[in-house]
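Student: My structure file structure-v1.txt, compact mmCIF, C-alpha atoms, is below:
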# COMPACT_ATOMS: atom_id res chain seq x y z
CA MET A 182 -14.80 -21.91 25.32
CA ASP A 183 -17.81 -19.94 24.07
CA PHE A 184 -18.08 -19.77 20.27
CA SER A 185 -21.36 -17.85 20.24
CA TYR A 186 -21.57 -14.21 19.20
CA SER A 187 -21.84 -11.56 21.88
CA PRO A 188 -24.94 -9.32 21.79
CA THR A 189 -22.78 -6.56 20.29
CA GLN A 190 -21.41 -8.86 17.59
CA GLN A 191 -24.87 -10.18 16.72
CA SER A 192 -26.18 -6.64 16.44
CA ILE A 193 -23.36 -5.83 14.00
CA ILE A 194 -24.24 -8.83 11.85
CA ASP A 195 -27.94 -7.90 11.86
CA ALA A 196 -27.26 -4.25 11.04
CA ILE A 197 -24.91 -5.05 8.14
CA ASP A 198 -27.40 -7.62 6.84
CA ALA A 199 -30.06 -4.90 6.81
CA ILE A 200 -27.82 -2.48 4.92
CA MET A 201 -26.69 -5.08 2.39
CA ALA A 202 -30.30 -6.05 1.65
CA ASN A 203 -30.53 -2.73 -0.22
CA PHE A 204 -27.67 -3.73 -2.55
CA ASP A 205 -28.55 -6.88 -4.43
CA ASP A 206 -26.62 -8.97 -6.93
CA ASP A 207 -27.71 -6.74 -9.81
CA TYR A 208 -26.20 -3.70 -8.06
CA TRP A 209 -22.80 -5.36 -7.74
CA LEU A 210 -22.98 -6.84 -11.24
CA ALA A 211 -23.62 -3.35 -12.66
CA ALA A 212 -20.82 -1.83 -10.57
CA ASP A 213 -18.43 -4.49 -11.84
CA ARG A 214 -19.58 -4.12 -15.45
CA ASP A 215 -19.43 -0.31 -15.47
CA GLY A 216 -16.34 0.08 -13.28
CA ARG A 217 -18.28 2.48 -11.04
CA PHE A 218 -17.38 3.12 -7.40
CA PRO A 219 -20.31 1.98 -5.18
CA GLU A 220 -21.06 5.44 -3.79
CA GLU A 221 -24.55 4.52 -2.53
CA PHE A 222 -23.19 1.56 -0.57
CA TYR A 223 -20.32 3.65 0.82
CA ALA A 224 -22.77 6.35 1.93
CA ALA A 225 -25.01 3.77 3.64
CA ILE A 226 -22.09 2.29 5.58
CA ALA A 227 -20.90 5.79 6.55
CA ALA A 228 -24.40 6.86 7.62
CA GLY A 229 -24.53 3.94 10.05
CA GLY A 230 -21.22 4.98 11.60
CA TRP A 231 -19.57 1.74 10.51
CA LEU A 232 -16.49 3.36 8.97
CA GLY A 233 -15.37 4.12 12.51
CA ILE A 234 -16.08 0.72 14.02
CA ALA A 235 -12.52 0.42 15.39
CA MET A 236 -11.85 4.14 15.86
CA PRO A 237 -11.94 5.92 19.27
CA GLU A 238 -15.30 7.18 20.53
CA ALA A 239 -13.84 10.64 21.12
CA TYR A 240 -13.70 11.19 17.36
CA GLY A 241 -17.02 9.58 16.45
CA GLY A 242 -15.96 5.94 16.33
CA ALA A 243 -17.38 2.91 18.09
CA ALA A 244 -14.10 1.85 19.79
CA LEU A 245 -14.76 -1.82 19.08
CA GLY A 246 -12.10 -4.44 18.41
CA ILE A 247 -10.72 -6.10 15.32
CA ALA A 248 -12.94 -9.10 16.15
CA GLU A 249 -16.03 -6.94 15.55
CA ALA A 250 -14.50 -5.23 12.51
CA ALA A 251 -13.66 -8.62 10.99
CA LEU A 252 -17.24 -9.81 11.47
CA MET A 253 -18.47 -6.68 9.72
CA MET A 254 -16.11 -7.10 6.77
CA GLN A 255 -16.94 -10.81 6.47
CA LYS A 256 -20.65 -10.03 6.36
CA ILE A 257 -20.15 -7.27 3.76
CA ALA A 258 -18.30 -9.70 1.47
CA GLU A 259 -20.59 -12.62 2.28
CA THR A 260 -23.82 -10.90 1.31
CA GLY A 261 -22.84 -10.60 -2.36
CA GLY A 262 -20.68 -7.50 -2.34
CA GLY A 263 -17.45 -9.49 -2.42
CA MET A 264 -14.19 -7.58 -2.62
CA ALA A 265 -15.88 -4.70 -4.47
CA ALA A 266 -17.88 -3.87 -1.36
CA ALA A 267 -15.14 -4.74 1.12
CA SER A 268 -12.43 -2.76 -0.66
CA ALA A 269 -14.65 0.33 -0.87
CA VAL A 270 -14.44 0.68 2.93
CA HIS A 271 -11.42 -1.45 3.84
CA ILE A 272 -8.86 1.33 4.26
CA ASN A 273 -11.10 3.19 6.71
CA ILE A 274 -10.95 0.24 9.10
CA PHE A 275 -7.18 -0.21 9.35
CA GLY A 276 -5.65 2.72 7.46
CA PRO A 277 -6.08 5.50 10.07
CA HIS A 278 -4.55 3.39 12.87
CA PRO A 279 -1.14 5.16 12.73
CA ILE A 280 -2.99 8.48 13.12
CA VAL A 281 -4.78 7.15 16.21
CA VAL A 282 -1.59 5.84 17.81
CA TYR A 283 1.09 8.31 16.68
CA GLY A 284 -0.79 11.43 15.59
CA THR A 285 -1.09 14.51 17.76
CA GLU A 286 -4.40 15.38 19.41
CA GLU A 287 -4.77 18.20 16.90
CA GLN A 288 -4.26 15.78 13.99
CA ARG A 289 -6.67 13.20 15.38
CA SER A 290 -9.36 15.81 15.99
CA ALA A 291 -8.99 17.26 12.50
CA TRP A 292 -8.51 14.09 10.45
CA LEU A 293 -10.49 11.26 12.04
CA PRO A 294 -14.06 12.64 12.23
CA PRO A 295 -14.31 13.38 8.46
CA LEU A 296 -13.00 9.86 7.68
CA ILE A 297 -15.47 8.26 10.08
CA LYS A 298 -18.39 10.28 8.69
CA GLY A 299 -17.46 9.37 5.13
CA GLU A 300 -16.95 13.02 4.20
CA VAL A 301 -13.37 12.27 3.14
CA LYS A 302 -11.97 9.28 1.27
CA CYS A 303 -8.35 8.28 1.73
CA CYS A 304 -6.01 6.15 -0.36
CA PHE A 305 -2.84 4.37 0.73
CA GLY A 306 0.45 5.24 -1.01
CA VAL A 307 3.08 2.69 0.00
CA THR A 308 3.81 0.13 -2.75
CA GLU A 309 6.14 1.18 -5.58
CA PRO A 310 6.85 -0.33 -9.02
CA ASP A 311 10.47 -1.20 -8.19
CA ALA A 312 9.96 -2.07 -4.51
CA GLY A 313 6.84 -4.20 -4.08
CA LEU A 314 7.12 -6.09 -0.80
CA ASP A 315 10.70 -4.83 -0.38
CA THR A 316 9.59 -1.68 1.45
CA GLY A 317 13.16 -0.72 2.32
CA ASN A 318 13.74 -0.10 -1.39
CA ILE A 319 11.15 2.72 -1.58
CA ARG A 320 12.47 5.61 -3.69
CA THR A 321 9.76 8.26 -3.37
CA ARG A 322 11.57 11.22 -1.83
CA ALA A 323 10.36 13.77 0.69
CA ASP A 324 13.06 16.46 0.85
CA LYS A 325 12.93 18.96 3.70
CA ILE A 326 12.13 22.55 2.75
CA ASP A 327 11.20 25.58 4.84
CA SER A 328 7.47 25.05 4.40
CA GLY A 329 7.54 21.30 5.02
CA TYR A 330 8.58 18.64 2.51
CA LEU A 331 8.86 18.48 -1.28
CA VAL A 332 7.75 15.04 -2.47
CA SER A 333 8.42 13.35 -5.80
CA GLY A 334 8.15 9.72 -6.85
CA GLN A 335 5.78 6.95 -7.88
CA LYS A 336 3.36 4.56 -6.21
CA ILE A 337 1.45 1.63 -7.64
CA TRP A 338 -1.64 -0.41 -6.73
CA THR A 339 -3.03 2.62 -4.92
CA SER A 340 -6.70 1.74 -4.47
CA THR A 341 -9.46 4.40 -4.55
CA ALA A 342 -7.10 7.15 -5.76
CA GLN A 343 -9.67 8.06 -8.42
CA VAL A 344 -12.19 9.07 -5.73
CA ALA A 345 -9.95 9.95 -2.76
CA SER A 346 -9.11 13.46 -1.58
CA LYS A 347 -6.46 12.39 0.96
CA ILE A 348 -3.48 10.06 0.85
CA LEU A 349 -1.60 8.22 3.58
CA LEU A 350 1.87 8.40 2.07
CA LEU A 351 5.17 6.70 2.92
CA ALA A 352 8.27 8.44 1.57
CA ARG A 353 12.00 8.43 2.19
CA THR A 354 13.31 11.45 4.10
CA SER A 355 16.81 10.08 4.68
CA GLN A 356 19.01 7.11 3.89
CA PRO A 357 19.50 4.55 6.69
CA GLY A 358 22.73 4.87 8.63
CA GLN A 359 25.55 2.38 8.22
CA SER A 360 24.26 0.25 11.07
CA GLY A 361 20.58 0.98 10.44
CA ARG A 362 17.85 -1.11 8.87
CA ARG A 363 16.89 -0.47 5.25
CA THR A 364 13.44 0.63 6.42
CA ASP A 365 14.93 3.42 8.56
CA GLY A 366 14.53 6.90 7.12
CA LEU A 367 10.96 6.37 5.88
CA THR A 368 8.41 8.94 7.02
CA LEU A 369 4.62 8.73 7.07
CA PHE A 370 2.36 11.59 5.97
CA TYR A 371 -1.39 12.17 5.77
CA THR A 372 -1.98 14.91 3.26
CA ASP A 373 -4.10 16.24 0.41
CA LEU A 374 -4.15 14.27 -2.82
CA ASP A 375 -3.35 17.40 -4.82
CA ARG A 376 -4.03 16.48 -8.44
CA SER A 377 -2.06 19.45 -9.72
CA HIS A 378 1.03 17.61 -8.46
CA ILE A 379 -0.21 14.00 -8.47
CA GLU A 380 -1.16 12.25 -11.70
CA VAL A 381 -3.45 9.25 -11.17
CA ARG A 382 -3.53 6.56 -13.87
CA GLU A 383 -6.01 3.73 -13.43
CA ILE A 384 -4.81 0.16 -13.95
CA ALA A 385 -7.16 -2.03 -15.98
CA LYS A 386 -7.36 -5.28 -14.08
CA MET A 387 -8.95 -8.72 -13.91
CA GLY A 388 -11.56 -8.12 -11.21
CA ARG A 389 -12.99 -5.68 -8.67
CA ALA A 390 -13.57 -3.10 -11.39
CA ALA A 391 -15.87 -1.13 -9.08
CA VAL A 392 -12.93 -0.10 -6.89
CA ASP A 393 -10.10 1.48 -8.85
CA SER A 394 -6.42 0.56 -8.58
CA ASN A 395 -3.88 3.05 -9.83
CA GLN A 396 -0.33 4.06 -10.50
CA ILE A 397 0.33 7.56 -9.22
CA PHE A 398 3.10 9.95 -10.22
CA ILE A 399 4.05 12.63 -7.67
CA ASP A 400 5.93 15.69 -8.91
CA GLY A 401 6.76 18.58 -6.61
CA LEU A 402 4.03 17.95 -4.02
CA ILE A 403 4.47 20.23 -1.01
CA VAL A 404 3.48 18.54 2.25
CA PRO A 405 3.34 20.80 5.34
CA ASP A 406 5.16 19.78 8.51
CA ALA A 407 1.76 19.51 10.20
CA HIS A 408 0.87 16.62 7.87
CA ARG A 409 3.73 14.41 9.12
CA ILE A 410 2.64 11.60 11.44
CA GLY A 411 4.99 11.12 14.38
CA GLU A 412 8.74 11.43 14.09
CA GLU A 413 10.68 11.76 10.88
CA GLY A 414 12.25 8.49 9.74
CA LYS A 415 10.00 6.18 11.76
CA GLY A 416 7.11 5.79 9.33
CA PHE A 417 7.69 2.13 8.56
CA SER A 418 7.56 1.16 12.24
CA TYR A 419 4.28 3.09 12.54
CA LEU A 420 2.79 1.11 9.67
CA LEU A 421 3.70 -2.17 11.38
CA ASP A 422 0.97 -1.49 13.94
CA SER A 423 -1.65 -1.78 11.20
CA LEU A 424 -0.29 -4.88 9.45
CA ASN A 425 -1.78 -7.53 11.74
CA PRO A 426 -5.27 -5.97 11.75
CA GLU A 427 -5.15 -5.70 7.97
CA ARG A 428 -4.25 -9.37 7.59
CA ILE A 429 -7.15 -10.34 9.86
CA LEU A 430 -9.58 -8.16 7.92
CA ILE A 431 -8.48 -9.43 4.50
CA ALA A 432 -8.87 -12.98 5.85
CA ALA A 433 -12.42 -12.18 6.93
CA GLU A 434 -13.19 -10.78 3.48
CA ALA A 435 -11.84 -13.93 1.82
CA LEU A 436 -13.98 -16.00 4.17
CA GLY A 437 -17.04 -13.97 3.19
CA ILE A 438 -16.38 -14.59 -0.50
CA GLY A 439 -15.94 -18.30 0.15
CA LYS A 440 -19.18 -18.53 2.13
CA THR A 441 -21.32 -16.79 -0.48
CA ALA A 442 -19.74 -18.83 -3.26
CA LEU A 443 -20.44 -22.06 -1.37
CA ARG A 444 -24.04 -21.02 -0.66
CA ARG A 445 -24.66 -20.31 -4.33
CA ALA A 446 -23.12 -23.62 -5.37
CA VAL A 447 -25.21 -25.59 -2.87
CA GLU A 448 -28.41 -23.87 -3.97
CA TYR A 449 -27.69 -24.60 -7.63
CA ALA A 450 -26.70 -28.21 -6.92
CA GLY A 451 -30.00 -28.78 -5.13
CA GLN A 452 -32.08 -27.30 -7.95
CA ARG A 453 -30.29 -28.36 -11.14
CA ILE A 454 -31.86 -31.54 -12.50
CA VAL A 455 -29.82 -33.74 -14.86
CA PHE A 456 -30.77 -37.34 -15.68
CA ASP A 457 -33.92 -36.94 -13.56
CA ARG A 458 -32.08 -36.11 -10.33
CA PRO A 459 -30.49 -33.03 -8.74
CA ILE A 460 -26.77 -32.91 -9.42
CA GLY A 461 -26.26 -32.36 -5.67
CA GLN A 462 -27.26 -36.00 -5.17
CA ASN A 463 -24.00 -37.06 -6.80
CA GLN A 464 -21.02 -37.53 -4.49
CA SER A 465 -18.68 -36.00 -7.08
CA ILE A 466 -20.60 -32.76 -6.49
CA GLN A 467 -21.22 -33.26 -2.76
CA HIS A 468 -17.71 -34.06 -1.59
CA PRO A 469 -15.86 -30.98 -2.92
CA LEU A 470 -18.56 -28.73 -1.48
CA ALA A 471 -18.38 -30.51 1.87
CA GLU A 472 -14.60 -30.04 1.84
CA ASN A 473 -15.08 -26.34 1.12
CA TRP A 474 -17.39 -26.08 4.14
CA VAL A 475 -14.83 -27.72 6.44
CA GLU A 476 -12.04 -25.42 5.24
CA LEU A 477 -14.16 -22.28 5.56
CA GLU A 478 -15.18 -23.22 9.10
CA ALA A 479 -11.52 -23.76 9.98
CA ALA A 480 -10.65 -20.39 8.46
CA GLY A 481 -13.29 -18.76 10.64
CA LEU A 482 -11.71 -20.23 13.76
CA LEU A 483 -8.25 -18.98 12.76
CA ILE A 484 -9.63 -15.50 12.17
CA ALA A 485 -11.45 -15.50 15.50
CA LYS A 486 -8.33 -16.59 17.38
CA ALA A 487 -6.11 -14.04 15.63
CA ALA A 488 -8.59 -11.26 16.37
CA HIS A 489 -8.92 -12.34 20.00
CA LEU A 490 -5.14 -12.30 20.44
CA TYR A 491 -4.82 -8.87 18.85
CA ASP A 492 -7.67 -7.35 20.86
CA SER A 493 -6.19 -8.83 24.04
CA GLY A 494 -2.86 -7.12 23.41
CA VAL A 495 -1.07 -10.45 22.93
CA PRO A 496 1.42 -10.88 20.04
CA ALA A 497 -0.74 -11.93 17.09
CA GLY A 498 1.62 -11.86 14.10
CA GLY A 499 1.82 -15.60 13.55
CA MET A 500 -1.90 -16.19 13.90
CA ALA A 501 -2.86 -13.13 11.82
CA ASN A 502 -0.64 -14.31 8.98
CA ALA A 503 -1.92 -17.87 9.30
CA ALA A 504 -5.51 -16.64 9.12
CA LYS A 505 -4.77 -14.56 6.04
CA TYR A 506 -3.04 -17.46 4.30
CA PHE A 507 -5.61 -20.13 5.09
CA ALA A 508 -8.74 -18.03 4.54
CA ALA A 509 -7.44 -16.77 1.19
CA GLU A 510 -6.81 -20.34 0.02
CA ALA A 511 -10.16 -21.58 1.34
CA GLY A 512 -12.08 -18.70 -0.24
CA PHE A 513 -10.40 -19.22 -3.60
CA LYS A 514 -11.08 -22.96 -3.55
CA ALA A 515 -14.74 -22.40 -2.68
CA ALA A 516 -15.16 -19.83 -5.45
CA THR A 517 -13.45 -22.12 -7.95
CA GLN A 518 -15.63 -25.05 -6.93
CA ALA A 519 -18.74 -22.88 -7.24
CA VAL A 520 -17.90 -22.18 -10.88
CA MET A 521 -17.24 -25.87 -11.49
CA THR A 522 -20.51 -26.86 -9.80
CA LEU A 523 -22.53 -24.51 -11.98
CA GLY A 524 -20.66 -25.69 -15.05
CA GLY A 525 -21.35 -23.51 -18.06
CA MET A 526 -23.64 -21.26 -16.05
CA GLY A 527 -20.78 -20.67 -13.63
CA TYR A 528 -19.00 -18.93 -16.48
CA ALA A 529 -21.99 -16.65 -17.07
CA LYS A 530 -21.95 -13.27 -15.33
CA GLU A 531 -25.64 -13.46 -14.43
CA TYR A 532 -24.89 -16.20 -11.87
CA HIS A 533 -22.22 -14.06 -10.16
CA VAL A 534 -19.82 -16.84 -9.16
CA GLU A 535 -17.37 -15.94 -11.93
CA ARG A 536 -17.13 -12.45 -10.38
CA LEU A 537 -16.50 -14.00 -6.97
CA LEU A 538 -13.79 -16.22 -8.44
CA ARG A 539 -12.00 -13.24 -9.98
CA GLU A 540 -12.23 -11.30 -6.72
CA SER A 541 -11.14 -14.28 -4.60
CA LEU A 542 -7.67 -13.97 -6.10
CA ILE A 543 -7.13 -10.61 -4.41
CA PRO A 544 -6.71 -11.95 -0.84
CA ARG A 545 -4.23 -14.51 -2.19
CA LEU A 546 -2.11 -11.75 -3.74
CA ALA A 547 -2.49 -8.82 -1.38
CA PRO A 548 -1.46 -7.17 0.83
CA VAL A 549 1.30 -9.77 1.07
CA SER A 550 1.95 -12.89 -0.99
CA ALA A 551 1.35 -16.40 0.29
CA GLN A 552 5.08 -17.10 0.02
CA MET A 553 6.00 -14.15 2.23
CA VAL A 554 3.41 -15.26 4.78
CA LEU A 555 5.00 -18.71 4.88
CA ASN A 556 8.42 -17.09 5.23
CA TYR A 557 7.15 -15.12 8.23
CA ILE A 558 5.70 -18.19 9.91
CA ALA A 559 8.82 -20.25 9.22
CA GLU A 560 11.10 -17.60 10.69
CA ARG A 561 9.03 -15.95 13.44
CA VAL A 562 6.95 -18.91 14.62
CA LEU A 563 9.12 -21.94 13.86
CA GLY A 564 12.45 -20.20 14.44
CA LEU A 565 14.04 -21.18 11.13
CA PRO A 566 16.76 -19.00 9.56
CA LYS A 567 15.77 -16.14 7.27
CA SER A 568 15.72 -17.21 3.62
CA TYR A 569 15.88 -13.87 1.78
Starting from the file, give its structure as structure tokens.

Tutor:
Amino acid sequence: MDFSYSPTQQSIIDAIDAIMANFDDDYWLAADRDGRFPEEFYAAIAAGGWLGIAMPEAYGGAALGIAEAALMMQKIAETGGGMAAASAVHINIFGPHPIVVYGTEEQRSAWLPPLIKGEVKCCFGVTEPDAGLDTGNIRTRADKIDSGYLVSGQKIWTSTAQVASKILLLARTSQPGQSGRRTDGLTLFYTDLDRSHIEVREIAKMGRAAVDSNQIFIDGLIVPDAHRIGEEGKGFSYLLDSLNPERILIAAEALGIGKTALRRAVEYAGQRIVFDRPIGQNQSIQHPLAENWVELEAAGLLIAKAAHLYDSGVPAGGMANAAKYFAAEAGFKAATQAVMTLGGMGYAKEYHVERLLRESLIPRLAPVSAQMVLNYIAERVLGLPKSY
């Protein structure tokens, strides 16, 4: 088995390294402090064509696999940008997938090129305050009218809604039949984020201040029929196609955070002199960092296998969820240990590891909780009965 990077993969790593060299720690510290979207970084990624890394060539994409996209996202997070950088472009990598698979040729031709070029930013309107992971309990309504659909409802944790002009929106168009699943009757739309009918309220949060998270309130939004993706009532099944890639990408981002946190901790441990010796000479410092390295390397292998399965067209749900779970835990542990290694300076913003620790919690929480991942593996991989 060959674990080396292909020429294409190595070129991706080198190109992202070159872009990220223009955005140093001070850039990300300022973005975090000021709560400012990293427009310059976003523009640089778009200019290189990287927003379309997994999109079809016919619309301006590179038509590469999730393996290559995961390497890109890992490198973006690993070079100091953390989740602030990764989340600024994350939705472009997996979000448009239902358009690619289920959209009409007219929709793909109109919608994908502006997303790939970075001319349009999109947000993702799925989660609701009273539904959370229980997607079948979504209450946002899309009622049929002559001109299309009339949408009203609420969404929460909608990232980039402050800067987006489009929204990928899941809404209920009908109730499931007596024998249907609770997720039947949900329809997927890609439409304008019309602020005359959508109020966007930013959520003040613990970390990743550079990329906004929001609660949105939709009141009387008219969505044309032409903005519906695929068939009415099948929106949830369309979203399922993007779930495994998203888990792989979020795992790669967690791995990137863990690797940069570990690197910073090792550098500090080798330079910090206490009692006439570097603290990295002490096994109480060495051993936790060595354990972090082992876990991060294992996470990388899980991600690579999950991506390989997905790109090969083989069922990848179990491995994608396992990669997300393990990489999120490994990244969080490495970020925590980095703060502990730096001691008091780890708590200081100027050393950046406290920012990485705050951001390392995101892959543990989203887009699905660790407990739900373990439920999936228990039921779908191990064959145990459903527990909820």

Student: Per residue of region 300-386 of chain A within 12 Å of region 218-228 of chain A, which atom pair is closest and at what distance in Å (one decimal), using all atoms listed in the file, listed by chain and increasing number, as a Markdown table?

Tutor:
| residue | atom | partner | partner_atom | distance |
| --- | --- | --- | --- | --- |
| A:Glu300 | CA | A:Ala227 | CA | 8.6 |
| A:Val301 | CA | A:Ala227 | CA | 10.5 |
| A:Lys302 | CA | A:Tyr223 | CA | 10.1 |
| A:Ser340 | CA | A:Phe218 | CA | 11.2 |
| A:Thr341 | CA | A:Phe218 | CA | 8.5 |
| A:Ala342 | CA | A:Phe218 | CA | 11.2 |
| A:Gln343 | CA | A:Phe218 | CA | 9.2 |
| A:Val344 | CA | A:Phe218 | CA | 8.1 |
| A:Ala345 | CA | A:Phe218 | CA | 11.1 |

Student: Those selected residues, please, written with C-alpha atoms and delivered as a CSV table (one decimal), in the frame of the given file.

Tutor:
chain,number,residue,atom,x,y,z
A,300,GLU,CA,-17.0,13.0,4.2
A,301,VAL,CA,-13.4,12.3,3.1
A,302,LYS,CA,-12.0,9.3,1.3
A,340,SER,CA,-6.7,1.7,-4.5
A,341,THR,CA,-9.5,4.4,-4.6
A,342,ALA,CA,-7.1,7.2,-5.8
A,343,GLN,CA,-9.7,8.1,-8.4
A,344,VAL,CA,-12.2,9.1,-5.7
A,345,ALA,CA,-10.0,10.0,-2.8

Student: Using 12 Å as the limit and counting all atoms listed in the file, can you tabulate each residue of region 344-428 of chain A that touches region 500-522 of chain A, with its shortest atom-to-atom distance in Å and the two atoms involved, as CSV?

Tutor:
residue,atom,partner,partner_atom,distance
A:Ser423,CA,A:Ala501,CA,11.4
A:Leu424,CA,A:Ala501,CA,9.0
A:Asn425,CA,A:Ala501,CA,5.7
A:Pro426,CA,A:Ala501,CA,7.6
A:Glu427,CA,A:Ala501,CA,8.7
A:Arg428,CA,A:Lys505,CA,5.4

Student: For a quick check of understanding, using all atoms listed in the file, which of A:Gly246, A:Leu546, A:Val381, A:Thr364 has the smallest distance to Ala487 (chain A)?

Tutor: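 Between A:Gly246, A:Leu546, A:Val381, A:Thr364, the residue approaching Ala487 (chain A) most closely is A:Gly246.
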
Student: How many Å lie between CA of Ile337 (chain A) and CA of Ile397 (chain A), rounded to one decimal?

Tutor: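 Calculated distance between CA of Ile337 (chain A) and CA of Ile397 (chain A) is 6.2 Å.
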
Student: Write out as a ChimeraX atom specification which residues come within 9 Å of region 194-211 of chain A when counting all atoms listed in the file, dropping same-chain ones fewer than 5 positions away.

Tutor: /A:189,216-217,219,221-222,225-226,229,231,252-253,256-257,260-263,265-266,391,530-533,536

Student: Which of these residues is nearest to Ser541 (chain A), using only C-alpha atoms: A:Gly416, A:Gly306, A:Gly437, A:Pro294?

Tutor: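 Between A:Gly416, A:Gly306, A:Gly437, A:Pro294, the residue approaching Ser541 (chain A) most closely is A:Gly437.
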
Student: What is the distance between CA of Leu443 (chain A) and CA of Ala488 (chain A), in Å to one decimal?

Tutor: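 Distance between the two atoms: 23.9 Å.
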
Student: Please compute the CA of Ile247 (chain A)-CA of Asp183 (chain A) distance, one decimal, in Å.

Tutor: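 Rounded to one decimal, the two atoms are 17.8 Å apart.
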
Student: Could you check which residues have any atom within 8 Å of (-28.8, -28.6, -5.6), counting all atoms listed in the file with coordinates taken straight from the file, and then list them as a list in words?

Tutor: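 The residues near that point, listed by chain and number, are Ala446, Val447, Glu448, Tyr449, Ala450, Gly451, Gln452, Arg453, Pro459, Ile460, Gly461 and Gln462 of chain A.
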
Student: Just need the box for region 375-387 of chain A, edges along x, y and z, holding every atom the file lists for it with 4 Å tacked onto each side, so centre and edge lengths in Å to one decimal, as lines of an AutoDock Vina configuration file.

Tutor:
center_x = -4.0
center_y = 5.4
center_z = -10.4
size_x = 18.0
size_y = 36.2
size_z = 19.2

Student: So, counting only C-alpha atoms, which residue among A:His278, A:His271, A:His378, A:Arg409 is closest to Tyr330 (chain A)?

Tutor: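 Among the listed residues, A:Arg409 lies closest to Tyr330 (chain A).
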
Student: Within 7 Å of Thr321 (chain A), counting all atoms listed in the file, which residues qualify if same-chain residues fewer than 2 places away don't, as a compact mmCIF listing (two decimals) with C-alpha atoms, keeping the file's coordinate frame?

Tutor:
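part.txt, freshly written:
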# COMPACT_ATOMS: atom_id res chain seq x y z
CA ILE A 319 11.15 2.72 -1.58
CA ALA A 323 10.36 13.77 0.69
CA SER A 333 8.42 13.35 -5.80
CA GLY A 334 8.15 9.72 -6.85
CA GLN A 335 5.78 6.95 -7.88
CA ALA A 352 8.27 8.44 1.57
CA ARG A 353 12.00 8.43 2.19

Student: Counting only C-alpha atoms, figure out which residue out of A:Pro310, A:Gly499, A:Pro548, A:Gly411 gets nearest to Glu286 (chain A).

Tutor: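 Of the candidates, the smallest distance to Glu286 (chain A) is held by A:Gly411.
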
Student: Point out the residue among A:Ala244, A:Val332, A:Ile410, A:Ile272 with the least atom-to-atom distance to Asp375 (chain A), counting all atoms listed in the file.

Tutor: A:Val332

Student: Near Asp327 (chain A), within 12 Å and counting all atoms listed in the file, which residues show up once chain neighbours fewer than 6 positions away are dropped, as a list in words?

Tutor: Ile403, Val404, Pro405 and Asp406 of chain A

Student: Can you pull out the residues contacting Cys304 (chain A)? Cut-off 12 Å, using only C-alpha atoms, and skip same-chain residues under 3 positions away; I want them as a PyMOL selection string.

Tutor: chain A and resi 268-273+275-277+296+301+307-308+336-351+370-374+381+392-397

Student: Closest to Val281 (chain A) among A:Glu413, A:Glu238, A:Asp365, A:Glu560, using only C-alpha atoms?

Tutor: A:Glu238

Student: Mind dumping region 409-420 of chain A from that block, keeping N, CA and C atoms, as a CSV table (one decimal), in the first residue's frame?

Tutor:
chain,number,residue,atom,x,y,z
A,409,ARG,N,-36.0,25.3,-7.0
A,409,ARG,CA,-36.2,24.0,-6.3
A,409,ARG,C,-35.2,23.1,-6.9
A,410,ILE,N,-34.5,22.3,-6.0
A,410,ILE,CA,-33.5,21.3,-6.5
A,410,ILE,C,-34.2,20.0,-6.5
A,411,GLY,N,-34.3,19.3,-7.7
A,411,GLY,CA,-34.9,18.0,-7.8
A,411,GLY,C,-36.4,18.0,-7.5
A,412,GLU,N,-36.9,16.9,-7.0
A,412,GLU,CA,-38.3,16.7,-6.8
A,412,GLU,C,-38.7,17.2,-5.5
A,413,GLU,N,-40.0,17.7,-5.5
A,413,GLU,CA,-40.6,18.1,-4.2
A,413,GLU,C,-40.6,17.0,-3.2
A,414,GLY,N,-40.3,17.2,-2.0
A,414,GLY,CA,-40.4,16.2,-0.9
A,414,GLY,C,-39.2,15.3,-0.7
A,415,LYS,N,-38.2,15.4,-1.6
A,415,LYS,CA,-37.1,14.5,-1.5
A,415,LYS,C,-35.8,15.2,-1.1
A,416,GLY,N,-35.9,16.4,-0.5
A,416,GLY,CA,-34.7,17.2,-0.2
A,416,GLY,C,-33.8,16.6,0.8
A,417,PHE,N,-34.4,15.9,1.8
A,417,PHE,CA,-33.5,15.3,2.8
A,417,PHE,C,-32.7,14.2,2.2
A,418,SER,N,-33.2,13.4,1.3
A,418,SER,CA,-32.4,12.3,0.7
A,418,SER,C,-31.3,12.9,-0.2
A,419,TYR,N,-31.6,14.1,-0.8
A,419,TYR,CA,-30.5,14.8,-1.6
A,419,TYR,C,-29.4,15.2,-0.7
A,420,LEU,N,-29.7,15.7,0.5
A,420,LEU,CA,-28.7,16.1,1.4
A,420,LEU,C,-27.8,15.0,1.9
